[in-house]
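Enquirer: Before I ask anything, here is the structure I am working with.
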Amino acid sequence: AGLLVVYAVVRYAVVPEGWSRTAVPLSFVEGVATRLGALTRQLIHVVDPRLPELSDAMPILGFGWMAFAGGVALIAMMVGSLRWRDGRVGWFLGFCLIALLPSLNLVPLPRFTSPHYGYLLSFALGLAVVLIVDRLHRSGSDWHRWGFVGLALWVLGAGVSTYRGGTRFADDATLFGVAVAVDPRFLEGHHYLGEAASRQGDFERAAKHFQASLKFWDDTIAYVDWFAASSGLAEVRVRQGRYAEADRLLLALQEHAEGSRLRSIVYNRAVVAQRQERHADAVDLLVTEPWDRPEPILLLARSLSVLGKIKEAVIQMERVVPLVDEARQSHVKVMIQSMKEGVR
């Protein structure tokens with residue numbers, strides 16, 4: 001109870017927003033079968049010595065082999081944990097049940113499934129190895145040697161796979177490029193690839209990935225921060241000079257934004273208006289927010305100056321002075337003086 005209280009206080013201090021969660025509308029059959037399929041997927045990830053799939057895209061399932069396998073595994077663990085509840089096997093199976101709970105998505109989260117939901121389950125694999133080794137030691141047959149050989153080969157394969165997989169973390173393009181190649185429905189992967197391409201200046205490729213990240217599939221559950229992906233696509237369109245499309249994207253986002261996100265969108269729309277030489281529209285957008293950083297105020301002053309409203313532009317420039325460092329203050333003061341002299 002004390003840990004929960006401390007966690008709640010610290011989390012609220014760092015992240016005051018509420019818990020972001022998503023409830024995917026599924027029928028009863030789809031809800032049960034998809035959750036059992038996600039459980040099977042986690043079991044495969046833990047047992048398979050190869051790297052797990054990074055993608056969180058989960059097909060919406062009916063009662064097929066994945067759901068059947070997950071149901072059998074779940075029932076077997078429940079029965080076994082009760083049947084051998086006084087022994088180590090019972091405790092092991094009970095731990096497996098607890099470790100698998102995140103895979104069932106009983107509490108709706110943004111990502112329906114993900115490899116890191118199986119972190120706790122990896123401890124169960126370690127427990128299983130301990131039980132197997134103990135059983136092989138107790139066995140008087142020659143099969144225990146083959147058992148040790150099998151475990152050694154598994155550990156060797158997993159070690160090589162883990163070592164080789166480490167190279168994927170060189171950068172976002174490497175990590176998510178492999179993941180998207182394996183699963184093109186990995187929407188969040190497309191989003192990060194779009195950001196990576198944008199940073200590299202490859203705006204055409206960035207736009208393709210951002211558009212792919214916003215393509216939702218009716219038969220798949222996949223998470224993406226659509227707001228961030230749409231903002232990224234709008235930024236790319238601005239850099240490509242496709243201002244009308246950028247403004248349409250930003251206008252759609254503005255309807256769902258608030259707080260700092262809303263101010264960011266308003267500023268970006270003002271940038272688009274200024275690039276299109278719609279200075280009056282830029283002014284109308286910027287005067288609606290109480291800006292506390294220099295860039296929007298400078299843009300407002302520039303648009304006012306172009307419109308011939310020099311005195312108002314000077315007032316805005318004077319607001320910029322305390323918001324910048326000493327080196328930039330000198331430059332801003334020179335601009336203000338020049339504008340005042342122009343009025344005279």
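Following the order of the structure tokens, first chain is A, next is B, and so on, with residues numbered from 1 inside each chain and ligands from 1 in the order they appear.
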Quick one: residues within 12 Å of A:Phe216, only C-alpha atoms counted, chain neighbours fewer than 3 positions away excluded, as a CSV table (one decimal) with N, CA, C and O atoms, in the first residue's frame?
Expert:
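Contents of result21.csv, as written:
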chain,number,residue,atom,x,y,z
A,57,ALA,N,1.2,-4.6,-33.8
A,57,ALA,CA,0.0,-4.8,-34.6
A,57,ALA,C,-0.5,-6.2,-34.3
A,57,ALA,O,0.2,-7.2,-34.5
A,184,PRO,N,4.4,-4.7,-42.1
A,184,PRO,CA,4.0,-3.4,-42.7
A,184,PRO,C,2.9,-2.7,-41.9
A,184,PRO,O,2.7,-1.5,-42.1
A,185,ARG,N,2.2,-3.5,-41.1
A,185,ARG,CA,1.0,-2.9,-40.4
A,185,ARG,C,1.5,-2.3,-39.0
A,185,ARG,O,0.6,-1.9,-38.2
A,186,PHE,N,2.8,-2.2,-38.8
A,186,PHE,CA,3.3,-1.6,-37.6
A,186,PHE,C,3.3,-0.1,-37.7
A,186,PHE,O,4.2,0.5,-38.2
A,187,LEU,N,2.2,0.5,-37.3
A,187,LEU,CA,1.9,1.9,-37.6
A,187,LEU,C,2.9,2.8,-36.8
A,187,LEU,O,3.4,3.8,-37.4
A,188,GLU,N,3.2,2.5,-35.6
A,188,GLU,CA,4.1,3.3,-34.8
A,188,GLU,C,5.5,3.2,-35.4
A,188,GLU,O,6.3,4.2,-35.4
A,211,GLN,N,2.2,8.9,-43.9
A,211,GLN,CA,0.9,8.5,-44.5
A,211,GLN,C,0.6,7.1,-44.1
A,211,GLN,O,-0.6,6.7,-43.8
A,212,ALA,N,1.6,6.2,-44.2
A,212,ALA,CA,1.4,4.8,-43.8
A,212,ALA,C,1.0,4.6,-42.4
A,212,ALA,O,0.2,3.8,-42.0
A,213,SER,N,1.6,5.5,-41.5
A,213,SER,CA,1.3,5.4,-40.1
A,213,SER,C,-0.1,5.8,-39.8
A,213,SER,O,-0.7,5.5,-38.7
A,219,ASP,N,-9.0,-4.9,-39.7
A,219,ASP,CA,-8.9,-6.2,-39.1
A,219,ASP,C,-7.6,-6.3,-38.2
A,219,ASP,O,-7.2,-7.4,-37.9
A,220,THR,N,-7.1,-5.1,-37.8
A,220,THR,CA,-5.9,-5.1,-37.0
A,220,THR,C,-6.0,-4.1,-36.0
A,220,THR,O,-6.5,-3.0,-36.2
A,221,ILE,N,-5.4,-4.4,-34.8
A,221,ILE,CA,-5.3,-3.4,-33.7
A,221,ILE,C,-3.9,-3.0,-33.7
A,221,ILE,O,-3.0,-3.8,-33.4
A,222,ALA,N,-3.6,-1.7,-33.9
A,222,ALA,CA,-2.3,-1.1,-33.9
A,222,ALA,C,-2.3,0.3,-33.3
A,222,ALA,O,-3.2,1.1,-33.7
A,223,TYR,N,-1.3,0.6,-32.5
A,223,TYR,CA,-1.3,1.9,-31.9
A,223,TYR,C,-0.4,2.9,-32.7
A,223,TYR,O,0.6,2.5,-33.2
A,224,VAL,N,-0.8,4.1,-32.8
A,224,VAL,CA,0.0,5.2,-33.3
A,224,VAL,C,-0.5,6.5,-32.7
A,224,VAL,O,-1.7,6.7,-32.4
A,226,TRP,N,-1.6,9.4,-33.5
A,226,TRP,CA,-2.1,10.0,-34.7
A,226,TRP,C,-1.8,11.5,-34.8
A,226,TRP,O,-1.6,12.1,-35.8
Enquirer: Residues of stretch 100-189 of chain A classed as helix (DSSP H, G or I) by DSSP on the backbone are to be reported as a PyMOL selection string.
Expert: chain A and resi 100-104+115-138+143-170+172-182+187-189
Enquirer: Report as a PyMOL selection string all protein, DNA and RNA residues lying within 9 Å of stretch 321-325 of chain A, evaluated on only C-alpha atoms, omitting residues in the same chain fewer than 5 positions from it.
Expert: chain A and resi 292-294+330+332-333
Enquirer: May I ask which of the residues A:Ala207, A:Gly189, A:Asp56, A:Cys96 is the closest one to A:Pro110, counting only C-alpha atoms?
Expert: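 Comparing A:Ala207, A:Gly189, A:Asp56, A:Cys96 against A:Pro110, the winner is A:Asp56.
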Enquirer: Go ahead and compute the interatomic distance for atom CA of A:Phe227 and atom CA of A:Thr113, in Å to one decimal.
Expert: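 If I compute the distance from atom CA of A:Phe227 to atom CA of A:Thr113, I get 20.9 Å.
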Enquirer: State, in Å with one decimal place, the distance from atom CA of A:Ala246 to atom CA of A:Glu289.
Expert: 20.7 Å
Enquirer: Applying 10 Å and only C-alpha atoms, which residues near A:Phe92 remain after dropping the ones on its own chain fewer than 6 positions away? List them as a ChimeraX atom specification.
Expert: /A:77,80-81,84-85,124-125,127-128,131
Enquirer: Neighbouring residues of stretch 256-259 of chain A were defined as those with any atom within 12 Å, considering only C-alpha atoms; residues of the same chain fewer than 2 positions away were excluded. Please report them as a list in words.
Expert: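 Within the cut-off, the hits are Glu17, Trp226, Phe227, Ala228, Ser230, Ser231, Leu249, Leu250, Leu251, Ala252, Leu253, Gln254, Arg261, Leu262, Arg263, Ser264, Ile265, Val266, Glu289, Pro290 and Trp291 of chain A.
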Enquirer: Take atom CA of A:Glu235 and atom CA of A:Asp183 and report the distance between them in Å, one decimal.
Expert: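 Value for the atom CA of A:Glu235-atom CA of A:Asp183 distance: 26.1 Å.
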Enquirer: May I have the residues within 8 Å of A:Tyr243 as a list in words, using only C-alpha atoms and disregarding those fewer than 6 positions away in the same chain?
Expert: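 Surrounding residues, per the criterion: Arg237, Val272, Arg275 and Gln276 of chain A.
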Enquirer: Looking at only C-alpha atoms, which of A:Val14, A:Ala181, A:Val149, A:Leu43 is the one that sits closest to A:Pro115?
Expert: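 Among the listed residues, the smallest separation from A:Pro115 belongs to A:Leu43.
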Enquirer: Identify which of the residues A:Leu51, A:Val314, A:Leu109, A:Ala229 lies closest to A:Gly159, counting only C-alpha atoms when measuring atom-to-atom distances.
Expert: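 The closest residue to A:Gly159 is A:Leu51.
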